[in-house]
Amino acid sequence: MTARIQGSRTPRETVRFAREVSAAMGAKVLERFPAGSPRGSWPAEEYAARRRAEGEPATVVMDLKSDAFLVVVPVGDED
């Protein structure tokens, strides 16, 4: 049996948490990147830049609770 790391989430918990963040922020989470990455927020910033180049108003925010960078877009009327 593997021990669960303190503060880690199962895939189901991660999906539920992403929905909670989306609802609280009025934004849709496109992607999440661990803050503990050796490159820090760069992967999130690069992903958001690519999305902005495609015309989406992507922004990077830090989610302190999950220790991750989230790439989000505002929720539009069509969602």
# chains A, B, ... in the order shown; residues from 1 in each chain; ligands from 1
call {"tool": "residues_around", "arguments": {"residues": "A:Met62", "least_positions_apart": "2", "cutoff": "10 Å", "atoms": "only C-alpha atoms", "output": "ChimeraX atom specification"}}
result
/A:32-35,41,60,64-71
call {"tool": "residues_around", "arguments": {"residues": "stretch 27-31 of chain A", "least_positions_apart": "4", "cutoff": "6 Å", "atoms": "only C-alpha atoms", "output": "list in words"}}
result
Ser22, Leu70, Val71, Val72, Val73, Pro74 and Val75 of chain A
call {"tool": "atom_distance", "arguments": {"atom1": "atom CA of A:Val61", "atom2": "atom CA of A:Gly76"}}
result
18.2 Å
call {"tool": "atom_distance", "arguments": {"atom1": "atom CA of A:Tyr47", "atom2": "atom CA of A:Thr59"}}
result
9.6 Å
call {"tool": "atom_distance", "arguments": {"atom1": "atom CA of A:Arg39", "atom2": "atom CA of A:Gly26"}}
result
27.8 Å
